[in-house]
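Dropping my_file_19.txt in here (compact mmCIF, C-alpha atoms):
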# COMPACT_ATOMS: atom_id res chain seq x y z
CA MET Z 1 72.29 81.24 96.26
CA SER Z 2 70.72 77.79 96.17
CA SER Z 3 73.14 76.64 93.51
CA LEU Z 4 75.99 77.30 95.91
CA SER Z 5 74.61 74.97 98.53
CA GLN Z 6 73.99 72.25 95.96
CA ASN Z 7 77.56 72.32 94.86
CA PRO Z 8 79.74 71.89 97.95
CA LYS Z 9 83.02 72.10 96.08
CA LYS Z 10 82.09 75.44 94.67
CA THR Z 11 80.92 76.72 98.04
CA LEU Z 12 84.17 75.75 99.68
CA SER Z 13 86.39 77.55 97.23
CA PHE Z 14 84.15 80.61 97.11
CA SER Z 15 83.85 81.10 100.84
CA SER Z 16 87.46 80.26 101.50
CA THR Z 17 88.51 82.88 99.00
CA MET Z 18 86.34 85.46 100.67
CA LYS Z 19 87.58 84.59 104.13
CA ASN Z 20 91.18 84.71 103.03
CA PRO Z 21 92.53 87.97 104.41
CA ASN Z 22 94.68 88.34 101.34
CA TYR Z 23 91.68 88.37 99.02
CA ASN Z 24 91.81 91.72 97.39
CA PRO Z 25 90.16 92.17 94.02
CA LEU Z 26 91.85 95.49 93.47
CA LYS Z 27 95.21 93.94 94.11
CA LYS Z 28 94.48 91.15 91.67
CA ARG Z 29 93.59 93.63 88.97
CA LEU Z 30 96.70 95.65 89.67
CA ALA Z 31 98.87 92.55 89.68
CA SER Z 32 97.59 91.15 86.41
CA ARG Z 33 98.00 94.45 84.59
CA PHE Z 34 101.43 95.12 85.96
CA LEU Z 35 102.67 91.61 85.21
CA LYS Z 36 101.40 91.83 81.66
CA ALA Z 37 103.16 95.15 81.26
CA MET Z 38 106.35 93.63 82.61
CA GLY Z 39 106.02 90.76 80.17
CA ARG Z 40 105.72 93.21 77.30
CA LEU Z 41 108.72 95.15 78.52
CA LYS Z 42 110.75 92.00 78.74
CA CYS Z 43 110.08 91.18 75.11
CA LYS Z 44 111.11 94.64 74.02
CA MET Z 45 114.31 94.69 75.98
CA SER Z 46 117.74 93.82 74.80
CA PRO Z 47 119.15 91.21 77.16
CA PHE Z 48 122.38 92.92 78.07
CA PRO Z 49 122.04 96.64 78.23
CA ALA Z 50 125.49 98.08 77.90
CA THR Z 51 125.00 101.74 78.50
CA ILE Z 52 123.88 103.62 81.55
CA GLU Z 53 121.37 105.41 79.40
CA GLU Z 54 119.72 102.12 78.53
CA LYS Z 55 119.56 101.17 82.17
CA ARG Z 56 117.95 104.47 82.99
CA ARG Z 57 115.45 104.00 80.20
CA ARG Z 58 114.55 100.56 81.52
CA HIS Z 59 114.12 101.91 85.02
CA ARG Z 60 111.83 104.64 83.74
CA ALA Z 61 109.88 102.12 81.71
CA VAL Z 62 109.23 99.88 84.70
CA ARG Z 63 108.24 102.82 86.85
CA GLY Z 64 105.95 104.11 84.12
CA ALA Z 65 104.41 100.66 83.84
CA ALA Z 66 103.74 100.64 87.57
CA TYR Z 67 101.81 103.90 87.52
CA ALA Z 68 100.17 103.11 84.21
CA SER Z 69 98.85 99.78 85.41
CA MET Z 70 97.60 101.42 88.59
CA ALA Z 71 95.78 104.09 86.67
CA SER Z 72 94.28 101.75 84.11
CA ALA Z 73 93.23 99.20 86.72
CA VAL Z 74 91.24 101.86 88.52
CA GLY Z 75 90.12 103.48 85.30
CA PRO Z 76 88.21 106.73 85.13
CA ARG Z 77 86.41 106.12 88.42
CA ARG Z 78 88.79 108.25 90.43
CA ALA Z 79 90.10 111.72 89.86
CA TRP Z 80 93.68 110.71 90.59
CA SER Z 81 93.59 107.88 88.08
CA ARG Z 82 92.02 110.17 85.49
CA ALA Z 83 94.82 112.65 86.08
CA LEU Z 84 97.46 109.93 85.64
CA LEU Z 85 95.78 108.63 82.48
CA ARG Z 86 95.69 112.15 81.05
CA LYS Z 87 99.35 112.56 81.83
CA MET Z 88 100.17 109.28 80.08
CA LYS Z 89 98.25 110.26 77.00
CA GLY Z 90 100.14 113.52 76.99
CA ARG Z 91 97.02 115.58 77.18
CA LYS Z 92 97.09 118.91 78.86
CA ARG Z 93 95.52 119.14 82.26
CA ALA Z 94 91.77 119.19 82.31
CA ARG Z 95 89.83 122.41 82.60
CA ARG Z 96 91.64 123.68 85.58
CA ASN Z 97 89.50 124.64 88.53
CA PRO Z 98 90.76 127.50 90.61
CA ARG Z 99 92.76 126.16 93.48
CA ASN Z 100 90.07 125.87 96.02
CA VAL Z 101 91.90 124.28 98.86
CA ASP Z 102 90.71 125.37 102.24
CA GLU Z 103 92.82 128.01 103.82
CA ARG Z 104 92.08 126.80 107.31
CA PHE Z 105 94.42 123.89 106.92
CA GLY Z 106 96.48 125.91 104.54
CA LEU Z 107 99.96 124.69 104.07
CA ASN Z 108 99.49 121.01 104.61
CA LEU Z 109 96.58 120.59 102.25
CA ASN Z 110 98.58 122.40 99.62
CA GLN Z 111 101.42 119.97 100.10
CA LEU Z 112 98.97 117.11 99.73
CA CYS Z 113 97.81 118.63 96.44
CA ASP Z 114 101.30 118.34 95.09
CA VAL Z 115 101.74 114.72 96.04
CA VAL Z 116 98.42 113.35 94.86
CA PRO Z 117 98.00 113.26 91.08
CA GLY Z 118 95.38 115.68 89.93
CA GLY Z 119 95.33 117.31 93.30
CA GLU Z 120 95.61 120.86 92.08
CA GLY Z 121 92.07 121.19 90.91
CA MET Z 122 90.33 119.55 93.81
CA ASP Z 123 88.44 120.95 96.69
CA SER Z 124 89.34 119.80 100.18
CA ARG Z 125 86.71 117.11 100.43
CA SER Z 126 87.62 115.44 97.14
CA LEU Z 127 91.30 115.80 97.83
CA LEU Z 128 91.02 113.88 101.09
CA ASN Z 129 88.85 111.16 99.55
CA GLU Z 130 91.19 110.76 96.63
CA THR Z 131 94.19 110.63 98.93
CA ALA Z 132 92.71 107.73 100.86
CA HIS Z 133 92.07 105.70 97.74
CA TYR Z 134 95.41 106.61 96.22
CA ILE Z 135 97.25 105.43 99.31
CA LYS Z 136 95.47 102.08 99.22
CA CYS Z 137 96.38 101.56 95.58
CA LEU Z 138 99.97 102.62 96.04
CA VAL Z 139 100.38 100.27 98.97
CA ALA Z 140 98.94 97.40 96.94
CA GLN Z 141 101.22 98.22 94.01
CA VAL Z 142 104.28 98.27 96.26
CA GLN Z 143 103.29 94.92 97.74
CA ILE Z 144 102.95 93.41 94.28
CA MET Z 145 106.34 94.68 93.19
CA ARG Z 146 107.94 93.35 96.35
CA GLU Z 147 106.29 89.97 95.85
CA ILE Z 148 107.58 89.73 92.31
CA LEU Z 149 111.09 90.51 93.46
CA HIS Z 150 110.83 88.14 96.37
CA SER Z 151 109.50 85.22 94.39
CA SER Z 152 112.06 85.65 91.62
CA SER Z 153 114.95 85.80 94.02
CA SER Z 154 113.73 82.79 95.95
CA SER Z 155 113.19 80.75 92.82
CA SER Z 156 116.67 81.53 91.60
CA THR Z 157 118.21 80.42 94.89
CA THR Z 158 116.44 77.06 94.75
CA LEU Z 159 118.12 76.29 91.44
CA MET N 1 78.31 134.29 92.71
CA SER N 2 77.58 133.83 96.36
CA SER N 3 74.73 131.45 95.50
CA ARG N 4 77.14 129.00 93.93
CA LYS N 5 79.11 128.67 97.11
CA GLU N 6 75.97 128.24 99.13
CA ARG N 7 74.80 125.55 96.80
CA SER N 8 77.97 123.56 97.32
CA SER N 9 77.51 124.19 101.05
CA ARG N 10 80.79 125.37 102.38
CA ILE N 11 82.70 122.40 103.60
CA THR N 12 82.55 122.41 107.35
CA GLU N 13 85.55 122.07 109.53
CA ASP N 14 84.02 119.00 111.12
CA GLU N 15 83.68 117.31 107.78
CA ILE N 16 87.29 117.99 106.97
CA ASN N 17 88.33 116.74 110.37
CA ASP N 18 86.36 113.55 109.85
CA LEU N 19 87.91 112.93 106.49
CA ILE N 20 91.37 113.57 107.86
CA LEU N 21 90.74 111.20 110.74
CA LYS N 22 89.77 108.55 108.21
CA LEU N 23 93.23 108.91 106.71
CA HIS N 24 94.87 108.11 110.00
CA PRO N 25 94.38 104.30 109.98
CA LEU N 26 95.90 104.13 106.51
CA LEU N 27 99.19 105.45 107.76
CA PRO N 28 101.89 103.16 109.09
CA ASP N 29 102.37 103.07 112.88
CA SER N 30 98.83 104.26 113.33
CA SER N 31 98.11 101.33 115.62
CA SER N 32 100.67 102.42 118.16
CA ARG N 33 99.03 105.77 118.49
CA CYS N 34 95.38 104.84 118.39
CA ASN N 35 94.78 105.69 122.00
CA THR N 36 96.05 109.21 122.00
CA LYS N 37 94.34 111.91 120.05
CA VAL N 38 96.28 112.91 116.99
CA SER N 39 95.90 116.36 115.58
CA ALA N 40 94.61 116.88 112.08
CA THR N 41 97.65 118.85 110.99
CA LYS N 42 99.90 116.07 112.16
CA ILE N 43 97.91 113.50 110.19
CA LEU N 44 98.12 115.66 107.08
CA LYS N 45 101.83 116.08 107.47
CA GLU N 46 102.39 112.38 107.97
CA THR N 47 100.18 111.57 105.01
CA CYS N 48 102.31 113.79 102.79
CA ASN N 49 105.47 112.19 104.06
CA TYR N 50 104.04 108.72 103.66
CA LEU N 51 103.03 109.38 100.08
CA LYS N 52 106.48 110.72 99.26
CA ARG N 53 107.97 107.62 100.83
CA LEU N 54 105.68 105.39 98.79
CA HIS N 55 106.67 107.16 95.60
CA LYS N 56 110.31 106.69 96.45
CA GLU N 57 109.68 103.04 97.16
CA VAL N 58 107.99 102.54 93.80
CA ASP N 59 111.04 104.16 92.27
CA ASP N 60 113.48 101.87 94.08
CA LEU N 61 111.45 98.76 93.35
CA SER N 62 111.25 99.75 89.69
CA GLU N 63 115.02 100.00 89.61
CA ARG N 64 115.42 96.53 91.08
CA LEU N 65 112.73 95.09 88.86
CA SER N 66 114.35 96.54 85.77
CA GLN N 67 117.61 94.85 86.72
CA LEU N 68 115.70 91.66 87.31
CA LEU N 69 114.11 91.87 83.89
CA ALA N 70 117.48 92.32 82.28
CA SER N 71 119.01 89.38 84.05
CA GLY N 72 116.17 87.26 82.73
CA ASN N 73 115.17 85.68 86.02
CA VAL N 74 111.50 86.38 85.59
CA ASP N 75 109.97 83.41 83.92
CA GLU N 76 106.49 82.44 82.96
CA ASP N 77 105.98 80.15 85.92
CA THR N 78 106.63 82.85 88.48
CA ILE N 79 104.27 85.15 86.71
CA ARG N 80 101.54 82.58 86.46
CA ALA N 81 101.93 81.63 90.10
CA LEU N 82 101.64 85.23 91.15
CA LEU N 83 98.60 85.76 89.00
CA ARG N 84 96.90 82.75 90.48
CA ARG N 85 97.23 84.16 93.96
Could you write out this file's structure as structure tokens?
Amino acid sequence: MSSLSQNPKKTLSFSSTMKNPNYNPLKKRLASRFLKAMGRLKCKMSPFPATIEEKRRRHRAVRGAAYASMASAVGPRRAWSRALLRKMKGRKRARRNPRNVDERFGLNLNQLCDVVPGGEGMDSRSLLNETAHYIKCLVAQVQIMREILHSSSSSSTTL
Amino acid sequence: MSSRKERSSRITEDEINDLILKLHPLLPDSSSRCNTKVSATKILKETCNYLKRLHKEVDDLSERLSQLLASGNVDEDTIRALLRR
């Protein structure tokens, strides 16, 4: 702590980063992974895809990269990311717990199970916790993708 | 058999309600409705819809991004600038 006060330049940048409402370490991790994945995709791609099939393949690749970078950025800490990672590795679903979703909220919790990755095996409490975290990550991922699109389109118009 | 359930202490309705209420601020337009009480079932329903919408949005954005990649407008500078932020 004392080193921070001795070095005013460092303090400024550190505290300004923290106060910045856009400071979001999760988002940074998501962004860096996704951008790297995009870079790799770009290298692999042929510049002018002729066929519709190739376009579809590219679309699927980008979408896969989005979910893959989300899952790997979060890692095994969350059940939903573990489920996504398992899916990517092509492994069968983990030891499947009997569907234990509370009958009191019945239908809607079941629907939630279907939308959240890995939701089938969760109990109500975990399902709701996972949903909250999953939403946050999805929202961040969407923001990143929008920003990439926005910055590319704006840079091309300034040319 | 019954002991296992007791050990995990049957999730109470209140707990579920609390967790569901925590989901509410994550949803869009939650600020407009913060004064009125929203029912748990409604929150659950909206959460499902919101997630489906988000998935669709990821899909659409992936489509546009894949076209962008093909057209070669993504360059190193953009990427680096984004990473710096």
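If you look at CA of Ser39 in chain N and CA of Leu27 in chain N, they are 13.8 Å away from each other.
Candidate residues Z:Lys89, Z:Arg33, Z:His150, Z:Arg63 were compared for distance to chain N, and the nearest is Z:Arg63, using only C-alpha atoms.
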- Message: as JSON, numbers by chain, please: the residues near range 126-142 of chain Z (cut-off 7 Å, only C-alpha atoms, same-chain neighbours under 3 positions excluded).
- Response: {"Z": [27, 30, 79, 80, 116, 119, 122, 123, 145, 146], "N": [19, 20, 23, 54, 58]}
Same residues, C-alpha atoms, saved as an mmCIF file, in the frame of the given file:
data_model
loop_
_atom_site.group_PDB
_atom_site.id
_atom_site.type_symbol
_atom_site.label_atom_id
_atom_site.label_comp_id
_atom_site.auth_asym_id
_atom_site.auth_seq_id
_atom_site.Cartn_x
_atom_site.Cartn_y
_atom_site.Cartn_z
ATOM 1 C CA LYS Z 27 95.210 93.940 94.110
ATOM 2 C CA LEU Z 30 96.700 95.650 89.670
ATOM 3 C CA ALA Z 79 90.100 111.720 89.860
ATOM 4 C CA TRP Z 80 93.680 110.710 90.590
ATOM 5 C CA VAL Z 116 98.420 113.350 94.860
ATOM 6 C CA GLY Z 119 95.330 117.310 93.300
ATOM 7 C CA MET Z 122 90.330 119.550 93.810
ATOM 8 C CA ASP Z 123 88.440 120.950 96.690
ATOM 9 C CA MET Z 145 106.340 94.680 93.190
ATOM 10 C CA ARG Z 146 107.940 93.350 96.350
ATOM 11 C CA LEU N 19 87.910 112.930 106.490
ATOM 12 C CA ILE N 20 91.370 113.570 107.860
ATOM 13 C CA LEU N 23 93.230 108.910 106.710
ATOM 14 C CA LEU N 54 105.680 105.390 98.790
ATOM 15 C CA VAL N 58 107.990 102.540 93.800
#
Work out where the centre of an axis-aligned box around every listed atom of range 42-61 of chain N lies and how long its edges are once 5 Å is added on each side; give both in Å to one decimal as JSON.
{"center_x": 105.7, "center_y": 107.4, "center_z": 102.2, "size_x": 25.6, "size_y": 27.3, "size_z": 29.9}
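Using only C-alpha atoms, the shortest contact distance between Glu13 in chain N and any of Z:Ser124, Z:Ser72, Z:Leu112, Z:Ala66 is found at Z:Ser124.
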- Message: Neighbouring residues of range 35-39 of chain Z were defined as those with any atom within 8 Å, considering only C-alpha atoms; residues of the same chain fewer than 2 positions away were excluded. Please report them as a VMD selection string.
- Response: (chain Z and resid 31 to 33 41 to 43 62 65 69) or (chain N and resid 79)
- If you count all atoms listed in the file, the residue of Z:Glu120, Z:Arg40, Z:Leu84, Z:Ala71 closest to chain N turns out to be Z:Arg40
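Closest approach to chain Z among N:Arg53, N:Ala40, N:Cys48, N:Pro28 is made by N:Cys48 (distances from all atoms listed in the file).
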